[in-house]
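Chemist: mmCIF, N, CA and C atoms, file query_24.cif:
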```cif
data_work
loop_
_atom_site.label_atom_id
_atom_site.label_comp_id
_atom_site.auth_asym_id
_atom_site.auth_seq_id
_atom_site.Cartn_x
_atom_site.Cartn_y
_atom_site.Cartn_z
N MET E 15 31.11 -26.57 -19.88
CA MET E 15 29.70 -26.81 -19.67
C MET E 15 29.51 -28.20 -19.06
N ARG E 16 28.69 -28.24 -18.07
CA ARG E 16 28.40 -29.48 -17.38
C ARG E 16 27.37 -30.27 -18.18
N GLU E 17 27.58 -31.57 -18.27
CA GLU E 17 26.66 -32.42 -19.00
C GLU E 17 25.94 -33.33 -18.01
N VAL E 18 24.64 -33.43 -18.13
CA VAL E 18 23.86 -34.29 -17.25
C VAL E 18 23.13 -35.29 -18.11
N ARG E 19 23.21 -36.54 -17.74
CA ARG E 19 22.54 -37.59 -18.50
C ARG E 19 21.33 -38.10 -17.72
N ARG E 20 20.23 -38.29 -18.42
CA ARG E 20 19.03 -38.92 -17.88
C ARG E 20 18.71 -40.06 -18.83
N GLY E 21 19.06 -41.27 -18.44
CA GLY E 21 18.87 -42.41 -19.34
C GLY E 21 19.75 -42.22 -20.55
N ASP E 22 19.15 -42.24 -21.72
CA ASP E 22 19.93 -42.07 -22.95
C ASP E 22 19.92 -40.62 -23.45
N ARG E 23 19.32 -39.69 -22.65
CA ARG E 23 19.27 -38.28 -23.04
C ARG E 23 20.36 -37.48 -22.34
N VAL E 24 20.82 -36.46 -23.02
CA VAL E 24 21.77 -35.51 -22.43
C VAL E 24 21.03 -34.20 -22.26
N LEU E 25 20.95 -33.70 -21.03
CA LEU E 25 20.23 -32.46 -20.75
C LEU E 25 21.17 -31.27 -20.82
N LYS E 26 20.68 -30.18 -21.33
CA LYS E 26 21.46 -28.96 -21.35
C LYS E 26 21.54 -28.43 -19.92
N PRO E 27 22.59 -27.70 -19.57
CA PRO E 27 22.77 -27.24 -18.18
C PRO E 27 21.58 -26.50 -17.59
N ALA E 28 20.96 -25.57 -18.32
CA ALA E 28 19.84 -24.82 -17.75
C ALA E 28 18.69 -25.76 -17.42
N PHE E 29 18.38 -26.67 -18.33
CA PHE E 29 17.29 -27.60 -18.07
C PHE E 29 17.68 -28.59 -16.98
N ALA E 30 18.94 -28.96 -16.92
CA ALA E 30 19.39 -29.88 -15.88
C ALA E 30 19.18 -29.26 -14.50
N ASP E 31 19.43 -27.96 -14.38
CA ASP E 31 19.21 -27.28 -13.11
C ASP E 31 17.73 -27.28 -12.74
N VAL E 32 16.88 -27.04 -13.71
CA VAL E 32 15.43 -27.05 -13.47
C VAL E 32 15.00 -28.46 -13.09
N GLN E 33 15.53 -29.44 -13.80
CA GLN E 33 15.19 -30.83 -13.50
C GLN E 33 15.60 -31.19 -12.07
N ALA E 34 16.77 -30.75 -11.66
CA ALA E 34 17.25 -31.04 -10.30
C ALA E 34 16.34 -30.37 -9.26
N LYS E 35 15.94 -29.14 -9.51
CA LYS E 35 15.05 -28.44 -8.58
C LYS E 35 13.70 -29.13 -8.51
N LEU E 36 13.21 -29.57 -9.65
CA LEU E 36 11.93 -30.26 -9.70
C LEU E 36 11.99 -31.56 -8.90
N GLU E 37 13.06 -32.32 -9.09
CA GLU E 37 13.20 -33.57 -8.36
C GLU E 37 13.32 -33.33 -6.86
N GLN E 38 14.05 -32.28 -6.49
CA GLN E 38 14.19 -31.94 -5.07
C GLN E 38 12.84 -31.54 -4.48
N MET E 39 12.06 -30.74 -5.21
CA MET E 39 10.74 -30.33 -4.74
C MET E 39 9.81 -31.53 -4.62
N ALA E 40 9.89 -32.44 -5.57
CA ALA E 40 9.05 -33.64 -5.53
C ALA E 40 9.38 -34.47 -4.28
N ARG E 41 10.65 -34.63 -4.00
CA ARG E 41 11.05 -35.38 -2.80
C ARG E 41 10.58 -34.68 -1.53
N ALA E 42 10.74 -33.36 -1.50
CA ALA E 42 10.40 -32.59 -0.30
C ALA E 42 8.89 -32.58 -0.02
N THR E 43 8.09 -32.58 -1.10
CA THR E 43 6.65 -32.50 -0.92
C THR E 43 5.95 -33.85 -0.96
N GLY E 44 6.68 -34.87 -1.41
CA GLY E 44 6.06 -36.19 -1.53
C GLY E 44 5.11 -36.30 -2.71
N ARG E 45 5.23 -35.36 -3.63
CA ARG E 45 4.37 -35.39 -4.83
C ARG E 45 5.20 -35.82 -6.02
N ARG E 46 4.52 -36.33 -7.03
CA ARG E 46 5.21 -36.72 -8.25
C ARG E 46 5.60 -35.47 -9.03
N SER E 47 6.73 -35.57 -9.72
CA SER E 47 7.21 -34.41 -10.48
C SER E 47 6.23 -34.02 -11.58
N ASP E 48 5.54 -35.00 -12.21
CA ASP E 48 4.60 -34.63 -13.26
C ASP E 48 3.41 -33.85 -12.69
N GLN E 49 3.02 -34.12 -11.43
CA GLN E 49 1.96 -33.35 -10.80
C GLN E 49 2.40 -31.91 -10.57
N LEU E 50 3.64 -31.75 -10.11
CA LEU E 50 4.17 -30.40 -9.88
C LEU E 50 4.21 -29.61 -11.18
N VAL E 51 4.69 -30.24 -12.25
CA VAL E 51 4.78 -29.56 -13.55
C VAL E 51 3.38 -29.18 -14.04
N GLU E 52 2.43 -30.09 -13.90
CA GLU E 52 1.06 -29.80 -14.33
C GLU E 52 0.50 -28.60 -13.57
N ASN E 53 0.74 -28.54 -12.26
CA ASN E 53 0.26 -27.40 -11.46
C ASN E 53 0.91 -26.10 -11.90
N VAL E 54 2.20 -26.14 -12.14
CA VAL E 54 2.92 -24.92 -12.55
C VAL E 54 2.41 -24.43 -13.90
N VAL E 55 2.26 -25.33 -14.85
CA VAL E 55 1.80 -24.93 -16.18
C VAL E 55 0.37 -24.41 -16.12
N THR E 56 -0.48 -25.08 -15.38
CA THR E 56 -1.88 -24.64 -15.24
C THR E 56 -1.94 -23.25 -14.61
N ASP E 57 -1.19 -23.06 -13.53
CA ASP E 57 -1.17 -21.74 -12.87
C ASP E 57 -0.64 -20.66 -13.80
N TYR E 58 0.39 -20.99 -14.58
CA TYR E 58 0.97 -20.04 -15.52
C TYR E 58 -0.08 -19.57 -16.54
N PHE E 59 -0.78 -20.53 -17.12
CA PHE E 59 -1.80 -20.17 -18.12
C PHE E 59 -2.97 -19.43 -17.49
N ASP E 60 -3.33 -19.79 -16.26
CA ASP E 60 -4.37 -19.04 -15.56
C ASP E 60 -3.94 -17.59 -15.35
N ASP E 61 -2.68 -17.39 -14.96
CA ASP E 61 -2.16 -16.03 -14.76
C ASP E 61 -2.16 -15.24 -16.06
N ILE E 62 -1.75 -15.88 -17.15
CA ILE E 62 -1.75 -15.20 -18.45
C ILE E 62 -3.16 -14.81 -18.84
N ALA E 63 -4.12 -15.72 -18.66
CA ALA E 63 -5.51 -15.43 -19.01
C ALA E 63 -6.05 -14.28 -18.17
N PHE E 64 -5.74 -14.28 -16.87
CA PHE E 64 -6.19 -13.21 -15.98
C PHE E 64 -5.60 -11.87 -16.42
N THR E 65 -4.31 -11.87 -16.74
CA THR E 65 -3.65 -10.64 -17.18
C THR E 65 -4.26 -10.13 -18.47
N ARG E 66 -4.50 -11.03 -19.41
CA ARG E 66 -5.11 -10.64 -20.68
C ARG E 66 -6.49 -10.03 -20.47
N GLU E 67 -7.30 -10.66 -19.63
CA GLU E 67 -8.65 -10.14 -19.34
C GLU E 67 -8.57 -8.76 -18.69
N THR E 68 -7.63 -8.60 -17.76
CA THR E 68 -7.47 -7.31 -17.09
C THR E 68 -7.06 -6.23 -18.09
N LEU E 69 -6.10 -6.54 -18.94
CA LEU E 69 -5.65 -5.57 -19.94
C LEU E 69 -6.77 -5.22 -20.90
N ASP E 70 -7.52 -6.22 -21.34
CA ASP E 70 -8.65 -5.95 -22.24
C ASP E 70 -9.69 -5.05 -21.58
N ARG E 71 -9.99 -5.33 -20.31
CA ARG E 71 -10.98 -4.54 -19.58
C ARG E 71 -10.49 -3.09 -19.41
N ARG E 72 -9.23 -2.94 -19.05
CA ARG E 72 -8.68 -1.59 -18.87
C ARG E 72 -8.66 -0.81 -20.18
N TYR E 73 -8.31 -1.51 -21.25
CA TYR E 73 -8.30 -0.86 -22.56
C TYR E 73 -9.71 -0.41 -22.93
N ASP E 74 -10.68 -1.30 -22.72
CA ASP E 74 -12.08 -0.94 -23.00
C ASP E 74 -12.54 0.25 -22.16
N ASP E 75 -12.11 0.29 -20.88
CA ASP E 75 -12.46 1.43 -20.01
C ASP E 75 -11.89 2.73 -20.57
N MET E 76 -10.66 2.69 -21.05
CA MET E 76 -10.04 3.90 -21.61
C MET E 76 -10.72 4.30 -22.92
N GLU E 77 -10.98 3.34 -23.77
CA GLU E 77 -11.60 3.62 -25.07
C GLU E 77 -13.00 4.21 -24.91
N SER E 78 -13.73 3.74 -23.91
CA SER E 78 -15.11 4.20 -23.70
C SER E 78 -15.16 5.54 -22.97
N GLY E 79 -14.03 5.95 -22.37
CA GLY E 79 -14.01 7.20 -21.62
C GLY E 79 -14.39 7.04 -20.16
N ARG E 80 -14.62 5.80 -19.71
CA ARG E 80 -14.97 5.58 -18.29
C ARG E 80 -13.81 5.96 -17.38
N VAL E 81 -12.60 5.85 -17.87
CA VAL E 81 -11.43 6.29 -17.09
C VAL E 81 -10.57 7.16 -17.98
N THR E 82 -9.84 8.05 -17.35
CA THR E 82 -8.94 8.94 -18.08
C THR E 82 -7.51 8.56 -17.72
N PRO E 83 -6.69 8.32 -18.73
CA PRO E 83 -5.30 7.97 -18.42
C PRO E 83 -4.56 9.17 -17.82
N ILE E 84 -3.60 8.86 -16.97
CA ILE E 84 -2.76 9.88 -16.36
C ILE E 84 -1.42 9.85 -17.09
N PRO E 85 -0.94 10.99 -17.55
CA PRO E 85 0.34 11.02 -18.25
C PRO E 85 1.47 10.44 -17.37
N GLY E 86 2.37 9.73 -17.99
CA GLY E 86 3.46 9.07 -17.27
C GLY E 86 4.27 10.00 -16.39
N GLU E 87 4.60 11.18 -16.90
CA GLU E 87 5.39 12.12 -16.09
C GLU E 87 4.65 12.53 -14.83
N GLU E 88 3.34 12.68 -14.92
CA GLU E 88 2.55 13.02 -13.74
C GLU E 88 2.58 11.88 -12.73
N VAL E 89 2.46 10.66 -13.21
CA VAL E 89 2.52 9.49 -12.32
C VAL E 89 3.86 9.46 -11.60
N PHE E 90 4.95 9.62 -12.34
CA PHE E 90 6.27 9.58 -11.73
C PHE E 90 6.47 10.73 -10.75
N ALA E 91 5.94 11.90 -11.08
CA ALA E 91 6.04 13.05 -10.17
C ALA E 91 5.32 12.74 -8.86
N ARG E 92 4.13 12.13 -8.95
CA ARG E 92 3.39 11.76 -7.73
C ARG E 92 4.18 10.73 -6.91
N LEU E 93 4.75 9.73 -7.58
CA LEU E 93 5.53 8.71 -6.87
C LEU E 93 6.76 9.31 -6.19
N ARG E 94 7.45 10.21 -6.90
CA ARG E 94 8.62 10.86 -6.31
C ARG E 94 8.22 11.68 -5.08
N ALA E 95 7.09 12.38 -5.17
CA ALA E 95 6.62 13.18 -4.03
C ALA E 95 6.26 12.29 -2.85
N LYS E 96 5.58 11.17 -3.11
CA LYS E 96 5.25 10.24 -2.02
C LYS E 96 6.50 9.67 -1.38
N SER E 97 7.46 9.29 -2.20
CA SER E 97 8.72 8.74 -1.67
C SER E 97 9.45 9.76 -0.81
N ALA E 98 9.51 10.99 -1.30
CA ALA E 98 10.18 12.04 -0.55
C ALA E 98 9.47 12.29 0.78
N ALA E 99 8.14 12.29 0.76
CA ALA E 99 7.38 12.50 2.01
C ALA E 99 7.64 11.36 3.00
N ARG E 100 7.67 10.15 2.54
CA ARG E 100 7.94 9.02 3.43
C ARG E 100 9.34 9.05 4.00
N ARG E 101 10.31 9.44 3.16
CA ARG E 101 11.69 9.55 3.65
C ARG E 101 11.77 10.64 4.72
N ALA E 102 11.06 11.74 4.50
CA ALA E 102 11.08 12.85 5.45
C ALA E 102 10.43 12.42 6.77
N GLU E 103 9.39 11.59 6.72
CA GLU E 103 8.72 11.10 7.95
C GLU E 103 9.67 10.24 8.78
N ARG E 104 10.52 9.47 8.13
CA ARG E 104 11.42 8.55 8.84
C ARG E 104 12.59 9.29 9.51
N GLN E 105 12.85 10.50 9.10
CA GLN E 105 14.01 11.21 9.66
C GLN E 105 13.67 11.92 10.92
#
```
Could you show the structure in this file as C-alpha coordinates?
Modeler:
Amino acid sequence: MREVRRGDRVLKPAFADVQAKLEQMARATGRRSDQLVENVVTDYFDDIAFTRETLDRRYDDMESGRVTPIPGEEVFARLRAKSAARRAERQ
(Lines of atoms letter the chains of each structure in order from A and count residues from 1; the text may use other names and numbers.)
(Lines give C-alpha, C1' and ligand atoms only; values in the text may rest on other atoms or scores of the structure.)
Protein backbone atom coordinates (compact mmCIF):
# COMPACT_ATOMS: atom_id res chain seq x y z
CA MET A 1 0.00 0.00 0.00
CA ARG A 2 1.25 3.40 -0.96
CA GLU A 3 1.50 5.98 1.80
CA VAL A 4 1.02 9.68 1.12
CA ARG A 5 1.90 12.33 3.65
CA ARG A 6 0.30 15.77 3.85
CA GLY A 7 2.10 17.69 6.57
CA ASP A 8 1.88 15.55 9.67
CA ARG A 9 -1.05 13.47 8.32
CA VAL A 10 -0.86 10.16 6.50
CA LEU A 11 -3.59 9.74 3.87
CA LYS A 12 -5.05 6.40 2.96
CA PRO A 13 -4.51 5.44 -0.71
CA ALA A 14 -8.12 5.96 -1.84
CA PHE A 15 -8.28 9.41 -0.29
CA ALA A 16 -4.79 10.23 -1.55
CA ASP A 17 -6.00 9.56 -5.10
CA VAL A 18 -9.00 11.83 -4.59
CA GLN A 19 -6.76 14.48 -3.07
CA ALA A 20 -4.42 14.30 -6.06
CA LYS A 21 -7.33 14.64 -8.50
CA LEU A 22 -8.70 17.57 -6.54
CA GLU A 23 -5.35 19.34 -6.56
CA GLN A 24 -4.96 18.69 -10.30
CA MET A 25 -8.45 20.07 -10.98
CA ALA A 26 -7.75 23.13 -8.84
CA ARG A 27 -4.56 23.84 -10.81
CA ALA A 28 -6.29 23.27 -14.15
CA THR A 29 -9.24 25.52 -13.35
CA GLY A 30 -7.44 28.15 -11.31
CA ARG A 31 -9.91 27.66 -8.47
CA ARG A 32 -9.18 26.84 -4.87
CA SER A 33 -9.68 23.22 -3.87
CA ASP A 34 -12.06 24.20 -1.05
CA GLN A 35 -14.30 25.95 -3.62
CA LEU A 36 -14.36 22.83 -5.77
CA VAL A 37 -15.25 20.64 -2.78
CA GLU A 38 -18.00 23.04 -1.71
CA ASN A 39 -19.50 22.95 -5.22
CA VAL A 40 -19.38 19.16 -5.38
CA VAL A 41 -20.98 18.71 -1.97
CA THR A 42 -23.67 21.31 -2.69
CA ASP A 43 -24.49 19.71 -6.04
CA TYR A 44 -24.59 16.27 -4.43
CA PHE A 45 -27.10 17.35 -1.81
CA ASP A 46 -29.17 19.19 -4.42
CA ASP A 47 -29.29 15.98 -6.48
CA ILE A 48 -30.33 13.92 -3.45
CA ALA A 49 -33.07 16.42 -2.58
CA PHE A 50 -34.34 16.43 -6.18
CA THR A 51 -34.37 12.62 -6.27
CA ARG A 52 -36.21 12.44 -2.95
CA GLU A 53 -38.84 14.94 -4.13
CA THR A 54 -39.30 13.03 -7.39
CA LEU A 55 -39.70 9.70 -5.58
CA ASP A 56 -42.16 11.21 -3.10
CA ARG A 57 -44.20 12.73 -5.94
CA ARG A 58 -44.25 9.47 -7.90
CA TYR A 59 -45.24 7.51 -4.83
CA ASP A 60 -48.07 9.96 -4.12
CA ASP A 61 -49.21 9.65 -7.77
CA MET A 62 -49.36 5.86 -7.44
CA GLU A 63 -51.09 5.94 -4.05
CA SER A 64 -53.74 8.37 -5.28
CA GLY A 65 -54.41 6.35 -8.45
CA ARG A 66 -53.34 9.18 -10.80
CA VAL A 67 -50.94 6.73 -12.43
CA THR A 68 -51.02 2.97 -12.73
CA PRO A 69 -47.80 1.04 -12.30
CA ILE A 70 -46.70 -1.25 -15.12
CA PRO A 71 -45.56 -4.71 -14.05
CA GLY A 72 -41.80 -5.21 -14.40
CA GLU A 73 -42.08 -8.12 -16.81
CA GLU A 74 -44.24 -6.02 -19.12
CA VAL A 75 -41.69 -3.20 -19.04
CA PHE A 76 -38.85 -5.58 -19.88
CA ALA A 77 -40.91 -7.20 -22.66
CA ARG A 78 -41.51 -3.75 -24.20
CA LEU A 79 -37.79 -2.89 -23.95
CA ARG A 80 -36.77 -6.20 -25.52
CA ALA A 81 -39.24 -5.63 -28.38
CA LYS A 82 -37.93 -2.09 -28.98
CA SER A 83 -34.34 -3.32 -28.96
CA ALA A 84 -35.14 -6.12 -31.38
CA ALA A 85 -36.93 -3.68 -33.71
CA ARG A 86 -33.98 -1.28 -33.69
CA ARG A 87 -31.52 -4.09 -34.36
CA ALA A 88 -33.69 -5.25 -37.26
CA GLU A 89 -33.76 -1.68 -38.70
CA ARG A 90 -29.94 -1.52 -38.72
CA GLN A 91 -29.57 -4.75 -40.69
Chemist: If DSSP is run on the backbone, what residues of chain E are strand (DSSP E or B)? A reply as a PyMOL selection string would be ideal.
Modeler: chain E and resi 18-20+23-25
Chemist: Could you go through chain E and tell me which residues DSSP, when run on the backbone, assigns to helix (DSSP H, G or I), listing them as an MDAnalysis selection string?
Modeler: chainID E and resid 27:43 47:78 86:104
Chemist: CA of Arg20 in chain E to CA of Gln33 in chain E: how many Å, to one decimal?
Modeler: 10.0 Å
Chemist: What is the atom C of Asp22 in chain E to atom C of Glu52 in chain E distance in Å?
Modeler: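 It comes out at 24.9 Å.
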Chemist: Just give me the gap between CA of Gln49 in chain E and atom C of Glu37 in chain E in Å, one decimal is fine.
Modeler: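 We find that CA of Gln49 in chain E and atom C of Glu37 in chain E lie 12.0 Å from each other.
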Chemist: Take range 35-58 of chain E from the block and save it with N, CA and C atoms, as a tab-separated table (two decimals), in the first residue's frame.
Modeler:
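Written file, part29.tsv:
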```tsv
chain	number	residue	atom	x	y	z
E	35	LYS	N	-6.42	14.19	-7.44
E	35	LYS	CA	-7.33	14.64	-8.50
E	35	LYS	C	-7.87	16.03	-8.20
E	36	LEU	N	-8.20	16.27	-6.95
E	36	LEU	CA	-8.70	17.57	-6.54
E	36	LEU	C	-7.65	18.65	-6.77
E	37	GLU	N	-6.42	18.37	-6.38
E	37	GLU	CA	-5.35	19.34	-6.56
E	37	GLU	C	-5.09	19.60	-8.04
E	38	GLN	N	-5.15	18.54	-8.85
E	38	GLN	CA	-4.96	18.69	-10.30
E	38	GLN	C	-6.08	19.54	-10.89
E	39	MET	N	-7.32	19.30	-10.48
E	39	MET	CA	-8.45	20.07	-10.98
E	39	MET	C	-8.34	21.53	-10.56
E	40	ALA	N	-7.90	21.75	-9.34
E	40	ALA	CA	-7.75	23.13	-8.84
E	40	ALA	C	-6.70	23.87	-9.68
E	41	ARG	N	-5.60	23.21	-9.97
E	41	ARG	CA	-4.56	23.84	-10.81
E	41	ARG	C	-5.09	24.11	-12.21
E	42	ALA	N	-5.81	23.15	-12.77
E	42	ALA	CA	-6.29	23.27	-14.15
E	42	ALA	C	-7.35	24.37	-14.30
E	43	THR	N	-8.16	24.55	-13.26
E	43	THR	CA	-9.24	25.52	-13.35
E	43	THR	C	-8.90	26.87	-12.74
E	44	GLY	N	-7.81	26.91	-11.97
E	44	GLY	CA	-7.44	28.15	-11.31
E	44	GLY	C	-8.32	28.47	-10.11
E	45	ARG	N	-9.04	27.47	-9.64
E	45	ARG	CA	-9.91	27.66	-8.47
E	45	ARG	C	-9.29	27.00	-7.27
E	46	ARG	N	-9.68	27.45	-6.10
E	46	ARG	CA	-9.18	26.84	-4.87
E	46	ARG	C	-9.87	25.49	-4.67
E	47	SER	N	-9.13	24.56	-4.08
E	47	SER	CA	-9.68	23.22	-3.87
E	47	SER	C	-10.89	23.26	-2.95
E	48	ASP	N	-10.91	24.16	-1.94
E	48	ASP	CA	-12.06	24.20	-1.05
E	48	ASP	C	-13.32	24.67	-1.80
E	49	GLN	N	-13.15	25.53	-2.82
E	49	GLN	CA	-14.30	25.95	-3.62
E	49	GLN	C	-14.84	24.78	-4.43
E	50	LEU	N	-13.93	23.99	-5.00
E	50	LEU	CA	-14.36	22.83	-5.77
E	50	LEU	C	-15.12	21.84	-4.89
E	51	VAL	N	-14.60	21.57	-3.70
E	51	VAL	CA	-15.25	20.64	-2.78
E	51	VAL	C	-16.62	21.16	-2.38
E	52	GLU	N	-16.71	22.45	-2.08
E	52	GLU	CA	-18.00	23.04	-1.71
E	52	GLU	C	-19.02	22.88	-2.84
E	53	ASN	N	-18.59	23.11	-4.08
E	53	ASN	CA	-19.50	22.95	-5.22
E	53	ASN	C	-19.96	21.51	-5.38
E	54	VAL	N	-19.03	20.58	-5.23
E	54	VAL	CA	-19.38	19.16	-5.38
E	54	VAL	C	-20.36	18.73	-4.30
E	55	VAL	N	-20.10	19.11	-3.07
E	55	VAL	CA	-20.98	18.71	-1.97
E	55	VAL	C	-22.36	19.35	-2.13
E	56	THR	N	-22.39	20.62	-2.48
E	56	THR	CA	-23.67	21.31	-2.69
E	56	THR	C	-24.47	20.65	-3.80
E	57	ASP	N	-23.81	20.37	-4.93
E	57	ASP	CA	-24.49	19.71	-6.04
E	57	ASP	C	-25.00	18.33	-5.65
E	58	TYR	N	-24.20	17.60	-4.89
E	58	TYR	CA	-24.59	16.27	-4.43
E	58	TYR	C	-25.88	16.32	-3.61
```
